[in-house]
Every structure is written in C-alpha cells, then in structure tokens.
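*Asks:* Just passing along the structure, written as structure tokens.
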Protein chains: 2
Amino acid sequence: MSRPTIAGVARAAGVSVASVSRVLNGLPATEEMVERVQRAVEQLGYVPDARARSLKVGRTFQLTLAVADVGNPVYVTMMRAVEEVVSAAGYRLVVTATGPDVVDEVALVRGMARGYADGLLISPLRVDEDLVKSIRECEVPVVVAGNVPAKAGVDTVRANSPKGMLLAVDHLAYCGRTRIAFVNGPADTVPGAARAKGFGDALKTHGLEAVAVTEAADFTFAAGRAAAPELVKQAGFDAVICANDLLAVGLMHELAAAGLDVPGDVAVVGMDDSELAEQSFPPLTSVNLGSAERGRRAAELLLARIDDNDRTPRRIVVQPSLSIRRSTP
Amino acid sequence: MSRPTIAGVARAAGVSVASVSRVLNGLPATEEMVERVQRAVEQLGYVPDARARSLKVGRTFQLTLAVADVGNPVYVTMMRAVEEVVSAAGYRLVVTATGPDVVDEVALVRGMARGYADGLLISPLRVDEDLVKSIRECEVPVVVAGNVPAKAGVDTVRANSPKGMLLAVDHLAYCGRTRIAFVNGPADTVPGAARAKGFGDALKTHGLEAVAVTEAADFTFAAGRAAAPELVKQAGFDAVICANDLLAVGLMHELAAAGLDVPGDVAVVGMDDSELAEQSFPPLTSVNLGSAERGRRAAELLLARIDDNDRTPRRIVVQPSLSIRRSTP
DNA sequence: GTCTCGCCTGTAAACGATTACAAGAACGAT
DNA sequence: ATCGTTCTTGTAATCGTTTACAGGCGAGAC
C-alpha cells in the first residue's frame with residue numbers, strides 16, 4: 001500500500017488538489033472546505049512529500065552543520081546553540097563530520113549542491129585557496145565559524161584566540177606561575193596557528209619566555225597523552241596551557257602518571273570550556289572561547305543571508321572569558 | 001546568475017536532456033556523446049539538483065539517526081559506527097536530537113514524512129504505545145537501537161544489559177567488593193528499567209543484597225553529581241555501579257569531594273564504555289554494551305530493510321564485555 | 001537490394017507538490 | 001434586472017530530473 005498523494009486526498013475529499021494545498025498551507029478557505037480536507041487527510045494519513053514540496057518552492061528547510069570531529073565536546077556546545085536557533089526558524093539541522101583534511105571539506109562544500117540544504121555552516125580546521133574558492137562558488141549561502149581571509153567576502157564568526165590566551169596567561173601569572181609550557185594542536189590548522197601566535201604574544205606582554213612548546217598530532221585526547229612524555233622530560237615548568245580541552249585532559253592523565261600534582265606542581269589551562277572541562281578531574285580551568293555564542297551568531301548570520309543573499313558579509317568576533325576551576329591554584 | 005539545469009547543459013552540448021542524464025548516470029553512450037556532455041558540464045559548473053532527482057527516483061539518499069542527547073558520549077561512538085556503514089553505502093547521515101520526552105520522539109517519527117530521509121535509526125529513551133504505533137505506520141523503514149516489544153515487529157538491535165550488569169558484579173566480587181550500590185538513571189526509561197532489573201538479578205546470582213539504589217533525574221553528568229549526597233549519607237558501600245558513564249563520572253567527582261578514594265574506598269563501574277570512560281580520572285572501569293557494534297548492526301539492518309521492506313524483522317542482541325580500568329582495584 | 005535486428009538518441013510523460021490564472025458564485029449597488 | 005466586485009475554487013503549468021517508448025540509422029544476412 002503506497003502512501004497517498006495530494007491527488008488522493010483531493011479525490012477523497014471531493015475537491016481539487018489546489019484546494020487541498022491551500023488548506024494545508026493555511027491560505028484562506030471556507031470553513032467547510034477546511035473541514036473536508038482535514039477529514040480526508042486524517043483518514044488517509046496523508047503527509048506531504050518533502051521532496052516534491054522543496055522542488056517546487058526551492059527550499060529544503062534543512063541546514064547543514066559541518067564539523068571536523070563529532071567526538072570533540074566543543075562541537076557539542078556549538079551544535080546545541082545552532083540547533084536552537086535554526087529549529088526556532090523552522091529549519092532542521094543536519095550534522096556531518098568532515099574529518100580533518102581540507103580536501104574533505106572542499107568536497108563537502110562542492111557536493112552541497114543545490115538541493116541538499118539551504119545553507120551551510122562550516123567550522124573548518126584547515127583553510128586553503130581551494131576551500132575559499134569552493135565556498136564562494138557554493139550554490140547555497142555559507143557561513144564559516146572560524147577564520148578565513150577577509151577578502152574572501154564570506155560571513156564569519158570567530159573566536160578571539162589571542163585575547164583568550166592572554167586571559168590564560170594573566171590568570172597563571174596572577175597565581176604566580178610564570179614558567180609556562182604550551183601544548184598546541186597541529187600548527188597548520190587555523191586554530192593551531194592562531195593559538196600559537198596568541199601564546200607568543202601573551203607571553204611577550206607579560207615579559208615571559210616560553211618554557212616549552214609542543215605540537216600534538218591532532219586535537220584529541222590521545223594526542224594530548226602522546227604529547228606528554230616529551231614535555232615532562234623538560235623539567236622546569238609550573239604551568240601548561242593546552243590548545244583545547246581534550247589535549248589538556250589527555251595531558252593531565254600523563255602528568256598524574258608521572259607523579260606530578262595538578263595544580264600543586266603544574267597548573268593546567270585548557271581552551272574551549274567544553275562540558276569536558278567541567279567533567280574532568282580536577283575540573284579544568286579553561287578559556288571559554290564562546291562556542292555557544294559563536295554557534296548562535298553563526299546560525300543567525302546564515303539565516304539572515306538565506307533571507308537576503310546580497311547583504312554585505314559580516315565578520316563577527318566573539319570575546320573570550322575564563323572559567324576558573326581547580327586545575328589552577 | 002542562477003544555476004544551470006540539465007536543460008542548459010543539453011543546449012550547450014547540443015544534445016537532448018535524456019542523453020545528458022544518461023551520461024551523468026553512466027548509462028551506455030558513445031565516446032563522443034560522453035565527451036561533449038562532460039565538457040558542457042565542466043564549463044557550466046553544472047551540479048544536478050538533489051531535490052528533483054530524489055523526487056523522481058523516490059530516494060533522498062539520506063538516513064536519519066535520532067538520539068536523545070548529543071552530549072552523551074555513548075552516542076558519539078554509535079554515530080561514528082553508523083556513519084561509517086551508511087556512507088560506505090552511499091548515504092549521508094543526518095543526526096538529530098530528540099530530547100528526553102517520548103512525545104518528541106513520536107513527533108519525530110511522524111514528521112519523518114516521506115521525503116526527508118530514506119530511513120530512520122532511532123534510539124529511544126522511553127517507549128510507549130504511541131511510539132510503537134508511529135514506528136509501524138512510518139512511511140520509511142525504521143530500525144530501533146534499543147528495546148521495543150517483539151510483537152511490534154520492527155528491526156531492533158539492543159544491548160544485553162543484564163549480562164552487562166553481571167559482568168560488573170562479577171568483577172567487583174572478584175575484587176572483593178560485595179557491598180554494592182547502584183546509581184540508576186530514570187527507571188521509566190528503557191535503559192533505566194533494564195539496568196535496574198539487571199542489577200537486581202546480578203546481585204541475586206551472587207547471593208548479595210543491594211546496599212543502596214538511587215535514581216538520578218536523567219543520564220547526565222549533573223544528575224550523577226546530584227545523586228551523590230543521598231548515596232554518601234548511607235555509609236557502608238564499597239562499590240558503586242552507575243547506569244552510564246556520565247553518571248559515574250559525576251558521582252566520582254562528589255565522592256572525591258567527600259574525601260572518598262576511588263578505587264580505595266569505593267570502586268566505581270560505569271556503563272557504555274564511551275570515550276569519557278577513558279578520559280575520566282581515574283579512568284573508569286565500564287561495561288562495554290557494544291555501542292559501536294550496535295550502531296553498525298543497526299545501520300546494516302536499516303540498509304537491508306531499505307533494500308527489501310518485506311524481510312522478516314530481526315532482533316539482534318549484542319553481547320557486552322567489560323573494560324577494566326583504574327576505578328576498580 | 002531489401003529486410004531485420006541492434007544500438008543510439010530524442011521526445012514526452014511522469015514524480016508530487018505549489019501557484020498563476022481563469023472561471024464561477026454570491027452579493028450589493030445602481 | 002443588470003452590472004461589477006469580491007471571494008472561492010478548479011485547471012493547468014511548473015520545478016529539474018529520470019526513463020519508457022519510439023524513431024532513425026547502420027550493419028549484417030538473405
């Protein structure tokens with residue numbers, strides 16, 4: 001038994017398909033018409049076909065959020081915020097994982113052909129010419145949560161990593177920790193590069209020298225652990241800043257294994273202030289880079305652009321704050 | 001400048017739309033035809049419209065995965081597994097959060113009208129008549145990752161909670177812990193009910209009595225913390241089993257705050273063996289309920305049913321294992 | 001040389017909705 | 001009674017594809 005179409009409903013109700021469509025879309029109709037159509041719809045269990053509808057109206061009412069790694073809790077925060085905004089606007093959210101490679105991101109944007117979604121919200125780890133090009137050529141509006149060149153002319157919402165770094169170093173200095181090490185993610189990623197620079201600048205502001213800088217293979221828990229031995233070897237640090245919470249938690253595990261107390265021997269600061277920061281032990285002091293707000297603002301930007309594709313691109317910067325927990329003294 | 005359609009390509013290539021479609025779909029055509037079409041496609045930057053295509057072929061090549069809470073790391077594991085299977089089959093995965101209420105789940109299934117996706121994979125927290133009914137009436141194939149009555153006649157993949165519980169109690173008993181408490185999630189949920197029963201049965205098998213049973217408000221970290229005071233008040237336990245990892249980690253925080261050592265004073269066992277179990281401190285011994293395998297099997301079931309909707313429903317049970325870490329002695 | 005058989009290509013009819021347009025009904029005004 | 005206006009409803013075109021069907025052309029067989 002195949003599903004009823006609008007024609008079936010029309011037949012059952014003894015009216016035309018146009019009338020059915022009108023009733024369903026809330027356009028003016030007589031009391032009796034509404035009544036008859038609704039009864040027929042009810043009786044047949046009719047549900048409009050989204051494909052046909054979107055073909056005709058030119059919209060799918062779907063938006064895509066593309067993130068690098070669904071296992072990174074910072075994206076959970078962002079996702080929740082985006083979900084809230086877009087669902088309030090009547091869209092459904094499609095979440096896809098791109099993986100860490102820029103080619104995958106390009107493929108995603110290219111493949112986001114007309115018809116899969118009405119807009120794309122992407123948070124790219126790595127950005128190159130190809131990606132920018134594919135974003136500009138994309139059939140549907142794209143908003144980037146992250147950093148792309150201003151000349152690309154796309155809406156972006158990004159964090160202020162340098163300022164965030166400064167907050168972290170400020171706090172550590174205030175706690176009397178000045179021998180600060182840094183565990184970064186891959187420096188060839190957008191956040192990696194931003195945080196490396198931010199770290200350097202922040203230390204300079206305080207007139208400090210970096211005690212050690214290591215670069216993890218990626219932004220994961222496992223990479224955080226793997227980065228630890230090299231760091232621990234070089235003694236002489238009393239604080240570590242990590243480029244995200246996963247790295248920080250991974251590192252803390254190994255610090256504990258090496259017999260170092262957090263925060264007694266080493267203070268640890270993460271970045272992202274994700275749910276994991278609260279859940280880790282000890283709870284992790286973390287730089288809140290505003291992931292929820294970035295998600296919200298990005299979603300709003302996307303909706304606005306869908307509404308009017310000619311508006312001039314905006315570049316929003318969300319300010320960080322510091323969530324102090326027990327991994328710092 | 002609006003996007004080119006297949007008609008535009010046909011005009012540019014000087015052939016018919018049918019030929020363009022055939023070339024694009026790899027149907028037999030002459031060398032020259034392929035050549036001309038490809039050149040035109042290239043030149044115009046043509047991308048087929050997914051809406052129109054799916055309207056005609058009756059498929060969207062999208063599958064939906066509906067989970068209760070995107071912040072629960074067990075779903076990350078499952079999601080990864082599902083993603084892998086469905087993307088290998090040429091589908092894209094749409095992830096949506098249902099929230100904890102059964103009415104939301106029903107609404108989702110109902111709204112999964114023909115046209116949004118070709119299939120639905122749902123992991124419901126709560127199941128009632130309405131949900132089962134809506135699943136049976138659903139326009140597209142549905143596979144449930146969880147437990148619904150056999151008479152519902154739907155494909156299901158579920159965990160073996162009782163066996164998992166038994167593994168946990170076995171292990172604790174082996175470690176010499178026999179005064180075991182239990183922190184459950186809401187007992188009116190499917191996993192909550194299963195685990196409560198499993199816990200009781202497992203204790204009985206070992207001839208033990210429950211020292212304390214508390215029920216958290218939901219399956220979150222915050223609820224795990226909130227459940228702690230009541231538990232700590234009743235002294236006399238030397239082990240706690242928690243209904244999932246988030247609860248366990250939340251609880252461990254409060255145990256530490258109360259001055260109790262894990263695993264010295266209290267052994268803690270979680271369930272799900274999610275990434276969080278590995279990341280928590282101390283790393284959490286956790287019952288692996290096979291979330292990755294469940295995801296994989298469920299995805300396979302869904303693909304098979306899409307292929308042939310007449311096959312008899314299968315009910316797969318995935319066997320648990322125990323991942324022993326340092327939260328138990 | 002004609003007939004048949006294949007192969008390729010084009011024409012046109014779907015898929016299931018929305019919506020412009022037209023036609024008919026009802027109603028009040030003249 | 002006639003006309004014009006407004007409101008409702010139906011007919012049919014349309015969105016961009018895929019695909020059944022038919023036509024055209026060349027090759028091989030007699």
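Identifiers in the structure tokens: chain A, B, ... in order shown; residue index from 1 per chain; ligand index from 1 in order shown.
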Which residues come within 10 Å of Ala117 in chain A, counting only C-alpha atoms (C1' of nucleotides), excluding same-chain residues fewer than 4 positions away, as a list in words?
*Replies:*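 Final neighbour list, sorted by chain and number: Arg59, Thr60, Phe61, Gln62, Leu63, Thr64, Tyr91, Arg92, Leu93, Val94, Met112, Ala113, Glu139, Val140 and Pro141 of chain A; Ala50 and Arg51 of chain B.
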*Asks:* Using C-alpha atoms, can you export the residues from the last selection as a JSON list (two decimals), in the first residue's frame?
*Replies:*
```json
[["chain", "number", "residue", "atom", "x", "y", "z"],
["A", 59, "ARG", "CA", 13.95, 25.20, -0.37],
["A", 60, "THR", "CA", 14.64, 22.12, 1.66],
["A", 61, "PHE", "CA", 14.32, 23.65, 5.09],
["A", 62, "GLN", "CA", 17.45, 21.87, 6.04],
["A", 63, "LEU", "CA", 20.71, 23.45, 7.09],
["A", 64, "THR", "CA", 23.98, 21.62, 7.32],
["A", 91, "TYR", "CA", 14.75, 24.51, 9.78],
["A", 92, "ARG", "CA", 16.09, 21.14, 10.63],
["A", 93, "LEU", "CA", 19.74, 20.70, 11.27],
["A", 94, "VAL", "CA", 21.89, 18.17, 9.52],
["A", 112, "MET", "CA", 26.49, 20.67, -1.07],
["A", 113, "ALA", "CA", 24.81, 21.01, -4.38],
["A", 139, "GLU", "CA", 25.21, 27.34, -4.65],
["A", 140, "VAL", "CA", 23.90, 27.98, -1.19],
["A", 141, "PRO", "CA", 24.85, 30.50, 1.48],
["B", 50, "ALA", "CA", 19.17, 16.64, -5.47],
["B", 51, "ARG", "CA", 15.55, 17.57, -4.87]]
```
*Asks:* Compile the residues of chain A that lie within 6 Å of chain B, evaluated using only C-alpha atoms, and express the compilation as a list in words.
*Replies:*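 Therefore, the residues near the partner are Asp49, Ala50, Arg51, Ala52, Leu55, Gly71, Val76, Val94, Val95, Arg114, Gly115, Ser280 and Phe281 of chain A.
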*Asks:* At a cut-off of 10 Å, using only C-alpha atoms (C1' of nucleotides), what residues contact range 25-29 of chain D? Leave out same-chain residues fewer than 6 positions from it and give the result as a compact mmCIF listing (two decimals) with N, CA and C atoms (P, O5', C5', C4', C3', O3' and C1' of nucleotides), in the first residue's frame.
*Replies:*
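Saved the output as result.txt:
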```
# COMPACT_ATOMS: atom_id res chain seq x y z
P DC C 3 11.57 -4.93 -48.11
O5' DC C 3 11.77 -5.93 -46.89
C5' DC C 3 12.28 -7.24 -47.11
C4' DC C 3 12.94 -7.73 -45.83
C3' DC C 3 12.34 -7.13 -44.56
O3' DC C 3 11.98 -8.17 -43.68
C1' DC C 3 14.70 -6.88 -44.57
P DT C 4 11.25 -7.83 -42.30
O5' DT C 4 12.45 -8.11 -41.29
C5' DT C 4 13.33 -9.21 -41.55
C4' DT C 4 14.43 -9.23 -40.50
C3' DT C 4 14.00 -8.81 -39.10
O3' DT C 4 14.61 -9.69 -38.17
C1' DT C 4 15.76 -7.42 -39.81
P DC C 5 14.04 -9.81 -36.69
O5' DC C 5 15.35 -9.47 -35.84
C5' DC C 5 16.64 -9.82 -36.35
C4' DC C 5 17.67 -8.85 -35.81
C3' DC C 5 17.40 -8.34 -34.40
O3' DC C 5 18.49 -8.67 -33.57
C1' DC C 5 17.99 -6.56 -35.84
P DG C 6 18.32 -8.70 -31.99
O5' DG C 6 19.44 -7.66 -31.58
C5' DG C 6 19.46 -6.43 -32.25
C4' DG C 6 20.80 -5.78 -32.11
C3' DG C 6 20.95 -5.04 -30.79
O3' DG C 6 22.33 -4.89 -30.46
C1' DG C 6 20.53 -3.51 -32.59
P DC C 7 22.68 -4.30 -29.01
O5' DC C 7 22.99 -2.80 -29.39
C5' DC C 7 23.94 -2.53 -30.43
C4' DC C 7 23.92 -1.05 -30.73
C3' DC C 7 23.92 -0.17 -29.48
O3' DC C 7 24.95 0.79 -29.61
C1' DC C 7 22.16 0.46 -30.94
P DC C 8 25.40 1.60 -28.29
O5' DC C 8 24.70 2.98 -28.59
C5' DC C 8 25.16 3.71 -29.72
C4' DC C 8 24.16 4.76 -30.11
C3' DC C 8 23.96 5.88 -29.10
O3' DC C 8 24.42 7.08 -29.71
C1' DC C 8 21.89 5.12 -30.00
```
*Asks:* Could you list the residues in chain D lying within 10 Å of chain A, using only C-alpha atoms (C1' of nucleotides), and format the result as an mmCIF file with C-alpha atoms (C1' of nucleotides), in the first residue's frame?
*Replies:*
```cif
data_model
loop_
_atom_site.group_PDB
_atom_site.id
_atom_site.type_symbol
_atom_site.label_atom_id
_atom_site.label_comp_id
_atom_site.auth_asym_id
_atom_site.auth_seq_id
_atom_site.Cartn_x
_atom_site.Cartn_y
_atom_site.Cartn_z
ATOM 1 C "C1'" DC D 7 -14.383 35.634 -2.761
ATOM 2 C "C1'" DT D 8 -13.775 30.867 -3.608
ATOM 3 C "C1'" DT D 9 -12.493 27.006 -6.336
ATOM 4 C "C1'" DG D 10 -10.644 24.443 -10.250
ATOM 5 C "C1'" DT D 11 -7.494 23.848 -14.328
ATOM 6 C "C1'" DT D 14 5.788 24.472 -13.495
ATOM 7 C "C1'" DC D 15 10.015 22.978 -10.614
ATOM 8 C "C1'" DG D 16 14.509 19.628 -12.598
#
```
*Asks:* As number ranges by chain, could you give me every residue of chain C near chain A (at most 7 Å apart, counting only C-alpha atoms (C1' of nucleotides))?
*Replies:* C: 16-18
*Asks:* Could those residues be written to a file, using N, CA and C atoms (P, O5', C5', C4', C3', O3' and C1' of nucleotides), as an mmCIF file, in the first residue's frame?
*Replies:*
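Below is the file that was written, out19.cif:
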```
data_model
loop_
_atom_site.group_PDB
_atom_site.id
_atom_site.type_symbol
_atom_site.label_atom_id
_atom_site.label_comp_id
_atom_site.auth_asym_id
_atom_site.auth_seq_id
_atom_site.Cartn_x
_atom_site.Cartn_y
_atom_site.Cartn_z
ATOM 1 P P DG C 16 4.248 10.169 -6.609
ATOM 2 O "O5'" DG C 16 4.060 11.605 -5.950
ATOM 3 C "C5'" DG C 16 4.978 12.059 -4.980
ATOM 4 C "C4'" DG C 16 4.766 13.533 -4.762
ATOM 5 C "C3'" DG C 16 3.335 13.923 -4.395
ATOM 6 O "O3'" DG C 16 3.398 14.767 -3.268
ATOM 7 C "C1'" DG C 16 4.112 15.266 -6.127
ATOM 8 P P DA C 17 2.145 15.126 -2.409
ATOM 9 O "O5'" DA C 17 1.981 16.680 -2.722
ATOM 10 C "C5'" DA C 17 2.457 17.661 -1.850
ATOM 11 C "C4'" DA C 17 3.344 18.647 -2.591
ATOM 12 C "C3'" DA C 17 2.744 20.041 -2.732
ATOM 13 O "O3'" DA C 17 3.170 20.808 -1.619
ATOM 14 C "C1'" DA C 17 3.782 19.295 -4.764
ATOM 15 P P DT C 18 2.357 22.113 -1.241
ATOM 16 O "O5'" DT C 18 2.744 23.127 -2.404
ATOM 17 C "C5'" DT C 18 4.022 23.722 -2.391
ATOM 18 C "C4'" DT C 18 4.125 24.699 -3.543
ATOM 19 C "C3'" DT C 18 3.274 25.965 -3.389
ATOM 20 O "O3'" DT C 18 4.083 27.050 -3.831
ATOM 21 C "C1'" DT C 18 2.757 24.903 -5.416
#
```
*Asks:* Can you pull out every residue from range 93-182 of chain A that DSSP, working from the backbone, puts in strand (DSSP E or B), and format the result as a PyMOL selection string?
*Replies:* chain A and resi 93-97+114+117+119-122+142-145+155-159+180-182
